[in-house]
$ cat my_file-v1.cif   # mmCIF, C-alpha atoms and all ligand atoms
data_upload
#
loop_
_atom_site.label_atom_id
_atom_site.label_comp_id
_atom_site.auth_asym_id
_atom_site.auth_seq_id
_atom_site.Cartn_x
_atom_site.Cartn_y
_atom_site.Cartn_z
CA MET A 1 -85.22 18.77 14.64
CA ILE A 2 -85.24 22.13 16.35
CA VAL A 3 -82.39 24.27 15.16
CA ASN A 4 -81.12 26.56 17.85
CA ARG A 5 -78.07 28.71 18.21
CA ARG A 6 -76.01 26.00 19.91
CA SER A 7 -76.77 23.22 17.43
CA PHE A 8 -76.26 25.63 14.54
CA LEU A 9 -72.91 26.73 15.81
CA SER A 10 -71.67 23.22 16.44
CA SER A 11 -73.18 21.64 13.32
CA THR A 12 -71.64 24.20 11.01
CA ALA A 13 -68.46 24.51 13.05
CA ALA A 14 -69.25 28.19 12.78
CA ALA A 15 -67.75 29.08 16.10
CA ALA A 16 -64.39 27.55 15.29
CA GLY A 17 -64.36 28.90 11.76
CA LEU A 18 -65.34 32.36 12.82
CA ALA A 19 -62.90 32.47 15.68
CA ALA A 20 -60.12 31.47 13.35
CA CYS A 21 -60.82 34.09 10.75
CA LEU A 22 -61.70 37.07 12.89
CA GLY A 23 -59.15 39.81 12.92
CA ARG A 24 -58.90 43.14 14.72
CA GLY A 25 -56.09 45.66 14.55
CA SER A 26 -52.92 44.96 12.66
CA SER A 27 -51.03 42.55 14.95
CA ALA A 28 -49.73 39.43 13.23
CA ALA A 29 -51.56 36.95 15.48
CA PRO A 30 -55.31 37.16 14.89
CA PRO A 31 -57.22 37.74 18.10
CA ARG A 32 -59.06 34.66 19.32
CA LEU A 33 -62.64 34.75 20.37
CA GLY A 34 -64.29 32.43 22.79
CA ASP A 35 -66.77 29.89 21.45
CA ASP A 36 -69.65 31.67 23.12
CA PRO A 37 -70.92 34.47 20.85
CA MET A 38 -72.53 36.07 23.89
CA THR A 39 -69.06 37.33 24.82
CA TRP A 40 -68.60 39.03 21.43
CA THR A 41 -69.25 42.63 20.52
CA LYS A 42 -69.95 44.27 17.18
CA ALA A 43 -66.26 45.18 16.93
CA ASP A 44 -65.34 41.48 16.95
CA LEU A 45 -67.41 40.51 13.94
CA PRO A 46 -65.87 39.72 10.57
CA THR A 47 -67.29 41.79 7.71
CA PRO A 48 -69.47 41.86 5.77
CA ALA A 49 -71.89 40.74 8.49
CA LEU A 50 -75.67 40.86 8.73
CA LEU A 51 -76.81 42.53 11.95
CA LEU A 52 -80.13 42.74 13.72
CA ASP A 53 -80.84 45.48 16.23
CA LEU A 54 -82.92 43.54 18.74
CA ASP A 55 -84.47 46.58 20.41
CA ARG A 56 -85.83 47.82 17.09
CA PHE A 57 -86.87 44.35 15.95
CA GLU A 58 -88.83 43.82 19.17
CA ALA A 59 -90.47 47.24 18.82
CA ASN A 60 -91.57 46.35 15.26
CA VAL A 61 -93.01 43.03 16.41
CA LYS A 62 -94.92 44.81 19.18
CA THR A 63 -96.32 47.48 16.84
CA MET A 64 -97.73 44.82 14.51
CA ALA A 65 -99.02 42.63 17.37
CA GLU A 66 -100.87 45.61 18.87
CA GLN A 67 -102.33 46.65 15.51
CA VAL A 68 -103.80 43.22 14.78
CA ARG A 69 -105.03 42.79 18.35
CA ARG A 70 -106.76 46.18 18.25
CA HIS A 71 -108.62 45.20 15.07
CA GLY A 72 -109.54 41.62 15.98
CA CYS A 73 -107.22 40.30 13.28
CA SER A 74 -104.25 37.90 13.36
CA VAL A 75 -100.79 37.98 11.87
CA ARG A 76 -99.00 35.12 10.14
CA PRO A 77 -95.70 36.85 9.34
CA HIS A 78 -94.02 35.93 6.08
CA ALA A 79 -90.86 33.88 6.60
CA LYS A 80 -89.65 34.71 3.09
CA THR A 81 -88.27 37.88 4.70
CA HIS A 82 -86.19 36.31 7.49
CA LYS A 83 -85.87 32.58 6.68
CA CYS A 84 -84.93 32.20 10.32
CA PRO A 85 -86.73 29.74 12.62
CA GLU A 86 -85.61 31.64 15.74
CA ILE A 87 -87.32 34.76 14.44
CA ALA A 88 -90.43 32.78 13.53
CA ARG A 89 -90.54 31.37 17.08
CA ARG A 90 -90.23 34.83 18.58
CA LEU A 91 -93.05 36.07 16.37
CA VAL A 92 -95.27 33.22 17.50
CA SER A 93 -94.39 33.99 21.13
CA ALA A 94 -95.56 37.54 20.45
CA GLY A 95 -98.95 36.27 19.26
CA ALA A 96 -98.51 35.32 15.59
CA VAL A 97 -100.70 32.38 14.53
CA GLY A 98 -97.83 30.76 12.60
CA SER A 99 -95.65 31.44 9.57
CA SER A 100 -96.34 32.18 5.93
CA CYS A 101 -93.75 30.67 3.60
CA ALA A 102 -92.86 31.11 -0.06
CA THR A 103 -91.19 27.73 -0.65
CA VAL A 104 -91.43 24.15 0.57
CA PRO A 105 -87.92 24.35 2.10
CA GLU A 106 -89.09 27.39 4.08
CA VAL A 107 -92.15 25.46 5.25
CA GLU A 108 -89.91 22.61 6.35
CA ALA A 109 -87.42 24.89 8.10
CA MET A 110 -90.11 26.73 10.06
CA ALA A 111 -91.85 23.47 11.02
CA ALA A 112 -88.51 21.94 12.10
CA GLY A 113 -87.94 25.08 14.15
CA GLY A 114 -91.13 24.44 16.10
CA VAL A 115 -93.74 26.55 14.29
CA ARG A 116 -96.97 24.57 14.55
CA SER A 117 -98.93 26.18 11.71
CA VAL A 118 -97.46 27.09 8.32
CA LEU A 119 -99.02 28.46 5.14
CA LEU A 120 -97.40 27.98 1.73
CA THR A 121 -98.36 31.12 -0.18
CA SER A 122 -96.85 30.17 -3.58
CA PRO A 123 -98.23 27.75 -6.18
CA ILE A 124 -96.69 24.28 -6.60
CA LEU A 125 -97.02 21.76 -9.41
CA ASP A 126 -94.37 19.21 -8.43
CA PRO A 127 -95.63 15.97 -6.82
CA ARG A 128 -92.42 15.69 -4.77
CA LYS A 129 -93.18 19.00 -3.11
CA ALA A 130 -96.77 17.98 -2.46
CA ALA A 131 -95.54 14.71 -0.91
CA ARG A 132 -93.22 16.57 1.42
CA LEU A 133 -96.03 18.87 2.56
CA ALA A 134 -98.24 15.86 3.21
CA ALA A 135 -95.44 14.23 5.21
CA LEU A 136 -95.18 17.33 7.38
CA ALA A 137 -98.92 17.34 7.96
CA GLY A 138 -98.61 13.70 8.97
CA GLY A 139 -96.02 14.75 11.54
CA GLY A 140 -98.49 17.00 13.31
CA THR A 141 -97.78 20.41 11.75
CA GLU A 142 -100.82 22.29 10.49
CA VAL A 143 -99.97 22.76 6.81
CA LEU A 144 -102.07 25.20 4.82
CA VAL A 145 -101.51 25.59 1.10
CA ALA A 146 -102.79 28.35 -1.18
CA VAL A 147 -104.34 26.77 -4.27
CA GLY A 148 -105.12 28.77 -7.39
CA HIS A 149 -105.51 26.04 -9.99
CA PRO A 150 -107.35 22.69 -10.17
CA ARG A 151 -104.05 20.96 -11.05
CA THR A 152 -102.54 21.98 -7.73
CA ALA A 153 -105.70 20.87 -5.96
CA ASP A 154 -105.41 17.46 -7.63
CA LEU A 155 -101.77 17.16 -6.81
CA LEU A 156 -102.31 17.95 -3.14
CA SER A 157 -105.30 15.71 -2.89
CA GLN A 158 -103.32 12.75 -4.29
CA ALA A 159 -100.35 13.44 -2.02
CA ALA A 160 -102.59 13.73 1.03
CA GLU A 161 -104.45 10.53 0.18
CA ALA A 162 -101.19 8.65 -0.32
CA ALA A 163 -99.92 9.86 3.05
CA ARG A 164 -103.34 9.28 4.69
CA VAL A 165 -103.52 12.85 5.94
CA THR A 166 -105.69 15.87 5.38
CA LEU A 167 -104.14 18.99 3.93
CA ASP A 168 -105.63 22.38 4.70
CA VAL A 169 -106.13 24.61 1.68
CA LEU A 170 -106.99 28.22 0.93
CA LEU A 171 -108.47 29.36 -2.36
CA ASP A 172 -105.67 31.51 -3.80
CA LEU A 173 -107.35 34.54 -5.31
CA ASP A 174 -105.69 36.86 -7.83
CA VAL A 175 -106.96 40.27 -6.74
CA GLY A 176 -105.06 42.27 -9.33
CA ASP A 177 -101.37 41.35 -9.41
CA GLY A 178 -101.84 38.91 -12.30
CA ARG A 179 -98.96 36.85 -10.94
CA PHE A 180 -100.58 33.76 -9.42
CA GLY A 181 -103.92 32.64 -8.10
CA ILE A 182 -107.31 32.47 -9.74
CA PRO A 183 -109.32 35.62 -10.50
CA PRO A 184 -112.56 36.07 -8.54
CA GLY A 185 -115.61 34.64 -10.31
CA ASP A 186 -117.37 31.40 -11.11
CA PRO A 187 -114.23 29.33 -11.88
CA ALA A 188 -112.86 30.36 -8.46
CA LEU A 189 -116.10 29.24 -6.81
CA ASP A 190 -115.90 25.94 -8.71
CA LEU A 191 -112.33 25.41 -7.53
CA ALA A 192 -113.41 26.08 -3.94
CA ARG A 193 -116.26 23.56 -4.35
CA THR A 194 -113.90 20.95 -5.77
CA MET A 195 -111.55 21.36 -2.82
CA ALA A 196 -114.38 21.31 -0.31
CA ARG A 197 -115.61 18.02 -1.82
CA SER A 198 -112.18 16.38 -1.76
CA LYS A 199 -111.82 13.79 0.99
CA ALA A 200 -108.14 14.59 1.52
CA LEU A 201 -108.39 18.39 1.50
CA ARG A 202 -109.99 20.71 4.01
CA LEU A 203 -110.99 24.11 2.63
CA ARG A 204 -110.36 26.82 5.23
CA GLY A 205 -110.87 30.04 3.29
CA ILE A 206 -109.05 32.42 0.97
CA GLN A 207 -105.60 33.85 0.36
CA ALA A 208 -105.46 37.20 -1.44
CA TYR A 209 -102.15 39.02 -1.65
CA SER A 210 -101.90 42.39 -3.35
CA GLY A 211 -98.21 42.98 -3.97
CA THR A 212 -99.20 45.85 -6.23
CA SER A 213 -100.57 47.75 -3.24
CA SER A 214 -97.72 47.18 -0.84
CA HIS A 215 -95.14 49.62 -2.21
CA ILE A 216 -97.36 52.38 -3.59
CA SER A 217 -95.94 55.74 -2.57
CA GLY A 218 -98.33 57.96 -0.69
CA PHE A 219 -100.85 56.64 1.81
CA GLU A 220 -104.02 57.69 0.01
CA ALA A 221 -103.14 55.99 -3.26
CA ARG A 222 -101.98 52.91 -1.35
CA GLU A 223 -105.19 52.79 0.63
CA ARG A 224 -107.34 53.13 -2.47
CA THR A 225 -105.57 50.29 -4.28
CA SER A 226 -105.49 47.98 -1.32
CA ARG A 227 -109.15 48.52 -0.45
CA GLU A 228 -110.10 47.77 -4.02
CA ALA A 229 -107.99 44.60 -4.11
CA MET A 230 -108.99 43.27 -0.71
CA GLY A 231 -112.61 44.24 -1.37
CA LYS A 232 -112.65 41.63 -4.14
CA ALA A 233 -111.42 39.03 -1.67
CA VAL A 234 -114.01 39.98 0.94
CA ALA A 235 -116.75 39.71 -1.70
CA MET A 236 -115.46 36.29 -2.72
CA ARG A 237 -115.39 35.21 0.89
CA GLU A 238 -119.06 36.19 1.18
CA ARG A 239 -119.83 34.17 -1.97
CA LEU A 240 -118.16 31.12 -0.46
CA GLU A 241 -120.16 31.53 2.72
CA LYS A 242 -123.42 31.92 0.80
CA ALA A 243 -122.60 28.75 -1.10
CA GLY A 244 -122.17 26.97 2.23
CA LEU A 245 -118.41 26.60 1.81
CA PRO A 246 -115.89 27.07 4.64
CA ALA A 247 -114.31 30.51 4.60
CA ALA A 248 -113.09 31.20 8.12
CA ILE A 249 -109.73 32.56 6.94
CA LEU A 250 -108.98 35.49 4.65
CA SER A 251 -105.20 35.86 4.61
CA GLY A 252 -103.34 38.68 2.84
CA GLY A 253 -101.76 42.06 3.32
CA SER A 254 -98.27 43.43 3.63
CA THR A 255 -96.05 45.74 5.63
CA GLY A 256 -97.12 48.68 3.47
CA THR A 257 -100.85 48.04 3.94
CA TYR A 258 -100.97 46.67 7.50
CA ASN A 259 -102.82 49.73 8.80
CA ILE A 260 -105.29 49.55 5.88
CA ASP A 261 -106.06 45.84 5.63
CA THR A 262 -106.57 45.38 9.37
CA THR A 263 -109.44 47.87 9.14
CA ILE A 264 -111.19 45.98 6.33
CA GLN A 265 -114.04 43.89 7.69
CA GLY A 266 -113.54 40.30 6.59
CA VAL A 267 -109.72 40.20 6.47
CA THR A 268 -108.75 37.74 9.21
CA GLU A 269 -104.97 37.55 9.03
CA LEU A 270 -102.03 39.55 7.69
CA GLN A 271 -99.10 37.97 5.85
CA ALA A 272 -96.76 40.95 6.31
CA GLY A 273 -93.07 40.11 6.40
CA SER A 274 -90.69 43.04 5.88
CA TYR A 275 -91.91 44.94 8.94
CA VAL A 276 -89.65 42.93 11.21
CA PHE A 277 -86.55 44.38 9.45
CA MET A 278 -87.64 47.19 7.12
CA ASP A 279 -85.44 48.41 4.27
CA VAL A 280 -84.62 51.50 2.24
CA ASN A 281 -87.31 50.68 -0.33
CA TYR A 282 -90.09 50.43 2.17
CA ARG A 283 -89.07 53.52 4.08
CA ARG A 284 -89.59 55.55 0.88
CA ILE A 285 -93.31 54.79 0.50
CA GLY A 286 -94.40 57.45 2.98
CA GLY A 287 -96.51 57.21 6.12
CA LYS A 288 -100.18 57.73 6.92
CA ASP A 289 -99.14 60.90 8.73
CA GLY A 290 -98.03 62.41 5.41
CA ASN A 291 -94.38 62.05 6.28
CA ALA A 292 -92.16 61.11 3.32
CA THR A 293 -90.51 58.41 5.42
CA TYR A 294 -92.61 55.42 6.38
CA ALA A 295 -91.59 55.21 10.00
CA ASP A 296 -94.22 52.93 11.58
CA PHE A 297 -91.49 50.28 11.74
CA ALA A 298 -87.83 51.00 12.44
CA PRO A 299 -84.98 49.67 10.31
CA SER A 300 -83.56 46.87 12.44
CA LEU A 301 -81.46 45.14 9.79
CA SER A 302 -78.07 46.36 8.63
CA VAL A 303 -74.87 45.16 7.04
CA LEU A 304 -71.57 45.88 8.75
CA ALA A 305 -68.66 46.57 6.37
CA THR A 306 -65.01 47.63 6.57
CA VAL A 307 -63.12 50.20 4.54
CA VAL A 308 -60.56 48.00 2.83
CA SER A 309 -59.01 50.49 0.41
CA ALA A 310 -58.46 54.23 0.75
CA ALA A 311 -56.00 55.01 -2.00
CA HIS A 312 -57.86 58.05 -3.34
CA PRO A 313 -58.56 61.35 -1.63
CA ASP A 314 -62.21 61.46 -2.65
CA ARG A 315 -63.45 57.90 -2.20
CA VAL A 316 -62.87 54.65 -0.36
CA SER A 317 -63.84 51.05 -1.00
CA ILE A 318 -65.71 48.84 1.44
CA ASP A 319 -65.89 45.05 1.46
CA ALA A 320 -69.63 44.90 0.75
CA GLY A 321 -70.73 44.79 -2.87
CA ILE A 322 -73.38 42.94 -4.86
CA LYS A 323 -72.78 39.78 -2.84
CA ALA A 324 -73.47 41.62 0.40
CA PHE A 325 -76.53 43.66 -0.58
CA SER A 326 -79.27 42.68 -2.98
CA SER A 327 -79.07 44.75 -6.15
CA ASP A 328 -82.59 44.19 -7.47
CA THR A 329 -83.74 47.77 -6.95
CA ALA A 330 -82.54 51.24 -7.90
CA GLU A 331 -82.13 52.03 -4.22
CA THR A 332 -78.66 51.67 -2.73
CA PRO A 333 -77.53 50.91 0.81
CA GLU A 334 -77.97 53.82 3.18
CA ALA A 335 -75.22 54.61 5.66
CA LYS A 336 -76.56 54.33 9.20
CA ASP A 337 -75.57 57.26 11.42
CA SER A 338 -73.49 58.83 8.60
CA PRO A 339 -75.97 60.82 6.50
CA GLY A 340 -73.38 62.50 4.25
CA LEU A 341 -71.97 59.26 2.86
CA LYS A 342 -73.06 57.86 -0.47
CA TYR A 343 -72.80 54.21 -1.53
CA ARG A 344 -72.29 53.10 -5.11
CA ARG A 345 -72.13 49.52 -6.32
CA PHE A 346 -68.54 48.73 -7.22
CA GLY A 347 -68.65 45.09 -8.28
CA ASP A 348 -69.28 41.77 -6.62
CA GLU A 349 -67.19 42.32 -3.51
CA PHE A 350 -66.93 46.10 -3.19
CA GLY A 351 -68.92 49.21 -2.59
CA LEU A 352 -67.63 52.70 -3.31
CA ILE A 353 -68.14 55.37 -0.67
CA THR A 354 -67.98 59.08 -1.31
CA ALA A 355 -68.68 61.93 1.10
CA GLU A 356 -70.90 64.92 0.42
CA PRO A 357 -69.48 68.35 1.23
CA GLY A 358 -69.11 68.68 4.98
CA ALA A 359 -69.11 64.92 5.64
CA ARG A 360 -65.95 63.11 6.68
CA LEU A 361 -64.67 60.44 4.32
CA PRO A 362 -64.03 57.23 6.30
CA GLN A 363 -60.47 55.95 6.65
CA LEU A 364 -58.82 52.62 6.02
CA GLY A 365 -60.02 50.10 8.59
CA ASP A 366 -63.11 52.10 9.62
CA ARG A 367 -66.26 50.04 10.03
CA LEU A 368 -69.57 51.30 8.68
CA GLU A 369 -73.12 50.07 8.94
CA PHE A 370 -75.70 50.28 6.16
CA TYR A 371 -79.45 49.83 5.95
CA VAL A 372 -80.23 47.43 3.13
CA PRO A 373 -82.09 48.36 -0.08
CA HIS A 374 -84.38 45.29 -0.01
CA CYS A 375 -84.43 43.05 3.03
CA ASP A 376 -85.66 39.66 1.71
CA PRO A 377 -83.05 39.09 -1.02
CA THR A 378 -80.29 40.56 1.17
CA VAL A 379 -81.00 38.12 3.98
CA ASN A 380 -80.91 35.37 1.36
CA LEU A 381 -77.19 36.13 0.86
CA TYR A 382 -76.17 35.26 4.45
CA ASP A 383 -75.84 32.12 6.56
CA ARG A 384 -76.34 33.82 9.90
CA ILE A 385 -77.65 36.92 11.51
CA TYR A 386 -75.96 38.51 14.52
CA ALA A 387 -78.61 39.62 16.99
CA LEU A 388 -77.28 42.64 18.86
CA ARG A 389 -78.35 44.41 22.01
CA GLY A 390 -76.57 47.72 21.57
CA ASP A 391 -73.04 46.71 20.57
CA ARG A 392 -73.17 43.35 22.34
CA VAL A 393 -73.88 40.15 20.41
CA GLU A 394 -76.81 38.55 22.22
CA ASP A 395 -77.21 35.63 19.85
CA VAL A 396 -76.31 34.23 16.43
CA TRP A 397 -79.20 32.81 14.42
CA PRO A 398 -78.99 30.56 11.39
CA ILE A 399 -80.74 31.63 8.21
CA MET A 400 -82.24 28.48 6.74
CA ALA A 401 -83.82 27.26 3.53
CA ARG A 402 -81.83 29.54 1.25
CA ARG A 403 -81.19 26.69 -1.14
CA GLU A 404 -83.40 25.21 -3.79
CA PHE A 405 -85.79 22.33 -3.15
CA ARG A 406 -83.76 19.14 -2.96
CA PRO A 407 -85.63 15.95 -3.79
CA GLU A 408 -85.05 12.86 -1.68
CA GLY A 409 -82.27 10.75 -3.08
CA SER A 410 -80.43 13.63 -4.73
CA ARG A 411 -76.73 13.43 -4.02
CA SER A 412 -76.28 16.81 -2.38
C1 LIG B 501 -97.65 36.17 -0.92
C2 LIG B 501 -97.01 37.23 -0.07
N1 LIG B 501 -97.57 37.56 1.10
C3 LIG B 501 -97.03 38.49 1.90
C4 LIG B 501 -95.84 39.14 1.56
C5 LIG B 501 -95.25 40.10 2.55
O1 LIG B 501 -95.08 41.36 2.11
P1 LIG B 501 -94.16 42.43 2.84
O2 LIG B 501 -92.80 41.88 2.97
O3 LIG B 501 -94.26 43.54 1.89
O4 LIG B 501 -94.77 42.69 4.15
C6 LIG B 501 -95.24 38.85 0.35
C7 LIG B 501 -94.03 39.57 -0.07
O5 LIG B 501 -93.55 39.55 -1.18
C8 LIG B 501 -95.82 37.85 -0.49
O6 LIG B 501 -95.26 37.51 -1.66
#

$ encode --input "my_file-v1.cif" --output "structure tokens"
Amino acid sequence: MIVNRRSFLSSTAAAAGLAACLGRGSSAAPPRLGDDPMTWTKADLPTPALLLDLDRFEANVKTMAEQVRRHGCSVRPHAKTHKCPEIARRLVSAGAVGSSCATVPEVEAMAAGGVRSVLLTSPILDPRKAARLAALAGGGTEVLVAVGHPRTADLLSQAAEAARVTLDVLLDLDVGDGRFGIPPGDPALDLARTMARSKALRLRGIQAYSGTSSHISGFEARERTSREAMGKAVAMRERLEKAGLPAAILSGGSTGTYNIDTTIQGVTELQAGSYVFMDVNYRRIGGKDGNATYADFAPSLSVLATVVSAAHPDRVSIDAGIKAFSSDTAETPEAKDSPGLKYRRFGDEFGLITAEPGARLPQLGDRLEFYVPHCDPTVNLYDRIYALRGDRVEDVWPIMARREFRPEGSRS
């Protein structure tokens, strides 16, 4: 099933629900909006709302597409960032080879949205998940799975045999994070051999993700770490080739290292994700040009909030707290276009805004926009993203696969 804006709106009754609860001004009768979001503007949206600046998003997509094209590389953008099939489709239209996914529900959502090639980058050990991946492969989607342990290889092989399909696999190499994957060396080569021998698996190459490198502040240090990490993967790829094993793909990389990893001979595709949105965290890592702000990609994602209490002369409360912004990092939301305002977490539903000397404290009812501290877990808090062209809503896109894996037969 392809999920588009229209089916999303009707299936969730979002249009009716939103129209009913939207309010502007202080008149008793809430203003009614038409069912077509294309007639809405930013001022019509209920808050908190997740917004996408389409011009900036498209510029980010273009920057990455040009970088990979220039270096003879590909990009398979990570859907863990956006969880949105419409965005995945747009990325593919701009040249991406498919989607990377962190969970089986993400794989399923992207495939249902029309993405023809998906890579699961996280380890699985649950036969129900393996069976669902095999079922997708049987339906014509190219399903690649990163495998870092013989148990996962076994699991996938059994699931693929049972479904009478072939599953594509990448040797998942731990190049320094120590989080998942198998370290380079003889056991890794053995695992690759085992998968290459399996009748139900097709070895395609290597995955090597260096999360450690992605957020290192300062370009030189980032480059050093990433080259070291990806160098191990390139060497392993050469070992596979020497052993006569398939190794056409070497997939890895991130938003922070895109301009490093694309220059490393032997890296064939990038898994970067955050670049489509950017966030406060990423902007702090610094650019290649020495600038303290990493500005290769523009912040396209924001949260719109309303001042809902202004009872004190020196601070106001907005309706966007921990449930509106992820709170996993020390960074806090950054007011867009209002540099003198400071955000402080003020509980589940509220944020506290203060103004630095010279800045104007917002008033009751004012609407403010904030860049988010960390894009992936913030997106995970919302059901929809409003895609804006300037102040006009151009589209409303569902965010899918936010929930846990649900086995067949479970009651909800
Ligand atoms: C396996 C894997 N690949 C790629 C990425 C994308 O990284 P980024 O969002 O930093 O571009 C991530 C992010 O956590 C990841 O876990």

$ atom_distance --input "my_file-v1.cif" --atom1 "atom CA of A:Arg283" --atom2 "atom CA of A:Leu54"
18.8 Å

$ closest_atom_pairs --input "my_file-v1.cif" --of "chain A" --to "ligand LIG 501 (chain B)" --cutoff "9 Å" --atoms "all atoms listed in the file" --output "Markdown table"
| residue | atom | partner | partner_atom | distance |
| --- | --- | --- | --- | --- |
| A:Pro77 | CA | B:LIG501 | C5 | 7.5 |
| A:His78 | CA | B:LIG501 | C5 | 5.6 |
| A:Ala79 | CA | B:LIG501 | C5 | 8.6 |
| A:Lys80 | CA | B:LIG501 | C7 | 7.3 |
| A:Thr81 | CA | B:LIG501 | O2 | 6.3 |
| A:Ser100 | CA | B:LIG501 | N1 | 7.3 |
| A:Cys101 | CA | B:LIG501 | C1 | 8.1 |
| A:Ala102 | CA | B:LIG501 | O6 | 7.0 |
| A:Leu120 | CA | B:LIG501 | C1 | 8.6 |
| A:Thr121 | CA | B:LIG501 | C1 | 5.2 |
| A:Ser122 | CA | B:LIG501 | C1 | 6.6 |
| A:Gln207 | CA | B:LIG501 | C1 | 8.4 |
| A:Ala208 | CA | B:LIG501 | C1 | 7.9 |
| A:Tyr209 | CA | B:LIG501 | C1 | 5.4 |
| A:Ser210 | CA | B:LIG501 | C2 | 7.8 |
| A:Gly211 | CA | B:LIG501 | O5 | 6.4 |
| A:Ser214 | CA | B:LIG501 | O3 | 5.7 |
| A:His215 | CA | B:LIG501 | O3 | 7.4 |
| A:Ser251 | CA | B:LIG501 | N1 | 8.6 |
| A:Gly252 | CA | B:LIG501 | N1 | 6.1 |
| A:Gly253 | CA | B:LIG501 | C3 | 6.1 |
| A:Ser254 | CA | B:LIG501 | O4 | 3.6 |
| A:Thr255 | CA | B:LIG501 | O4 | 3.6 |
| A:Gly256 | CA | B:LIG501 | O3 | 6.1 |
| A:Thr257 | CA | B:LIG501 | O4 | 8.1 |
| A:Tyr258 | CA | B:LIG501 | O4 | 8.1 |
| A:Leu270 | CA | B:LIG501 | C3 | 7.7 |
| A:Gln271 | CA | B:LIG501 | C3 | 4.5 |
| A:Ala272 | CA | B:LIG501 | O4 | 3.4 |
| A:Gly273 | CA | B:LIG501 | O4 | 3.8 |
| A:Ser274 | CA | B:LIG501 | O2 | 3.8 |
| A:Tyr275 | CA | B:LIG501 | O4 | 6.0 |
| A:Val276 | CA | B:LIG501 | O4 | 8.7 |
| A:Met278 | CA | B:LIG501 | O2 | 8.5 |
| A:Tyr282 | CA | B:LIG501 | O3 | 8.1 |
| A:Cys375 | CA | B:LIG501 | O2 | 8.5 |
| A:Asp376 | CA | B:LIG501 | O2 | 7.6 |

$ write_last_selection --input "my_file-v1.cif" --atoms "C-alpha atoms" --output "PDB file, keeping the file's coordinate frame"
ATOM      1  CA  PRO A  77     -95.700  36.850   9.340  1.00  0.00           C
ATOM      2  CA  HIS A  78     -94.020  35.930   6.080  1.00  0.00           C
ATOM      3  CA  ALA A  79     -90.860  33.880   6.600  1.00  0.00           C
ATOM      4  CA  LYS A  80     -89.650  34.710   3.090  1.00  0.00           C
ATOM      5  CA  THR A  81     -88.270  37.880   4.700  1.00  0.00           C
ATOM      6  CA  SER A 100     -96.340  32.180   5.930  1.00  0.00           C
ATOM      7  CA  CYS A 101     -93.750  30.670   3.600  1.00  0.00           C
ATOM      8  CA  ALA A 102     -92.860  31.110  -0.060  1.00  0.00           C
ATOM      9  CA  LEU A 120     -97.400  27.980   1.730  1.00  0.00           C
ATOM     10  CA  THR A 121     -98.360  31.120  -0.180  1.00  0.00           C
ATOM     11  CA  SER A 122     -96.850  30.170  -3.580  1.00  0.00           C
ATOM     12  CA  GLN A 207    -105.600  33.850   0.360  1.00  0.00           C
ATOM     13  CA  ALA A 208    -105.460  37.200  -1.440  1.00  0.00           C
ATOM     14  CA  TYR A 209    -102.150  39.020  -1.650  1.00  0.00           C
ATOM     15  CA  SER A 210    -101.900  42.390  -3.350  1.00  0.00           C
ATOM     16  CA  GLY A 211     -98.210  42.980  -3.970  1.00  0.00           C
ATOM     17  CA  SER A 214     -97.720  47.180  -0.840  1.00  0.00           C
ATOM     18  CA  HIS A 215     -95.140  49.620  -2.210  1.00  0.00           C
ATOM     19  CA  SER A 251    -105.200  35.860   4.610  1.00  0.00           C
ATOM     20  CA  GLY A 252    -103.340  38.680   2.840  1.00  0.00           C
ATOM     21  CA  GLY A 253    -101.760  42.060   3.320  1.00  0.00           C
ATOM     22  CA  SER A 254     -98.270  43.430   3.630  1.00  0.00           C
ATOM     23  CA  THR A 255     -96.050  45.740   5.630  1.00  0.00           C
ATOM     24  CA  GLY A 256     -97.120  48.680   3.470  1.00  0.00           C
ATOM     25  CA  THR A 257    -100.850  48.040   3.940  1.00  0.00           C
ATOM     26  CA  TYR A 258    -100.970  46.670   7.500  1.00  0.00           C
ATOM     27  CA  LEU A 270    -102.030  39.550   7.690  1.00  0.00           C
ATOM     28  CA  GLN A 271     -99.100  37.970   5.850  1.00  0.00           C
ATOM     29  CA  ALA A 272     -96.760  40.950   6.310  1.00  0.00           C
ATOM     30  CA  GLY A 273     -93.070  40.110   6.400  1.00  0.00           C
ATOM     31  CA  SER A 274     -90.690  43.040   5.880  1.00  0.00           C
ATOM     32  CA  TYR A 275     -91.910  44.940   8.940  1.00  0.00           C
ATOM     33  CA  VAL A 276     -89.650  42.930  11.210  1.00  0.00           C
ATOM     34  CA  MET A 278     -87.640  47.190   7.120  1.00  0.00           C
ATOM     35  CA  TYR A 282     -90.090  50.430   2.170  1.00  0.00           C
ATOM     36  CA  CYS A 375     -84.430  43.050   3.030  1.00  0.00           C
ATOM     37  CA  ASP A 376     -85.660  39.660   1.710  1.00  0.00           C
TER      38      ASP A 376
END

$ atom_distance --input "my_file-v1.cif" --atom1 "atom CA of A:Tyr382" --atom2 "atom CA of A:Ala305"
13.7 Å

$ atom_distance --input "my_file-v1.cif" --atom1 "atom CA of A:Gly140" --atom2 "atom CA of A:Glu108"
12.4 Å

$ closest_residue --input "my_file-v1.cif" --among "A:Ile353, A:Lys232, A:Leu240, A:Asp177" --to "A:Ala196" --atoms "all atoms listed in the file"
A:Leu240

$ closest_residue --input "my_file-v1.cif" --among "A:Arg164, A:His149, A:Arg76, A:Lys83" --to "A:Leu201" --atoms "only C-alpha atoms"
A:Arg164

$ residues_around --input "my_file-v1.cif" --residues "A:Arg193" --least-positions-apart "6" --cutoff "9 Å" --atoms "only C-alpha atoms" --output "list in words"
Leu203, Leu240, Ala243 and Leu245 of chain A

$ write_last_selection --input "my_file-v1.cif" --atoms "C-alpha atoms" --output "short mmCIF file (atom, residue, chain, number, x, y, z; two decimals), in the coordinates of the input"
data_model
loop_
_atom_site.label_atom_id
_atom_site.label_comp_id
_atom_site.auth_asym_id
_atom_site.auth_seq_id
_atom_site.Cartn_x
_atom_site.Cartn_y
_atom_site.Cartn_z
CA LEU A 203 -110.99 24.11 2.63
CA LEU A 240 -118.16 31.12 -0.46
CA ALA A 243 -122.60 28.75 -1.10
CA LEU A 245 -118.41 26.60 1.81
#
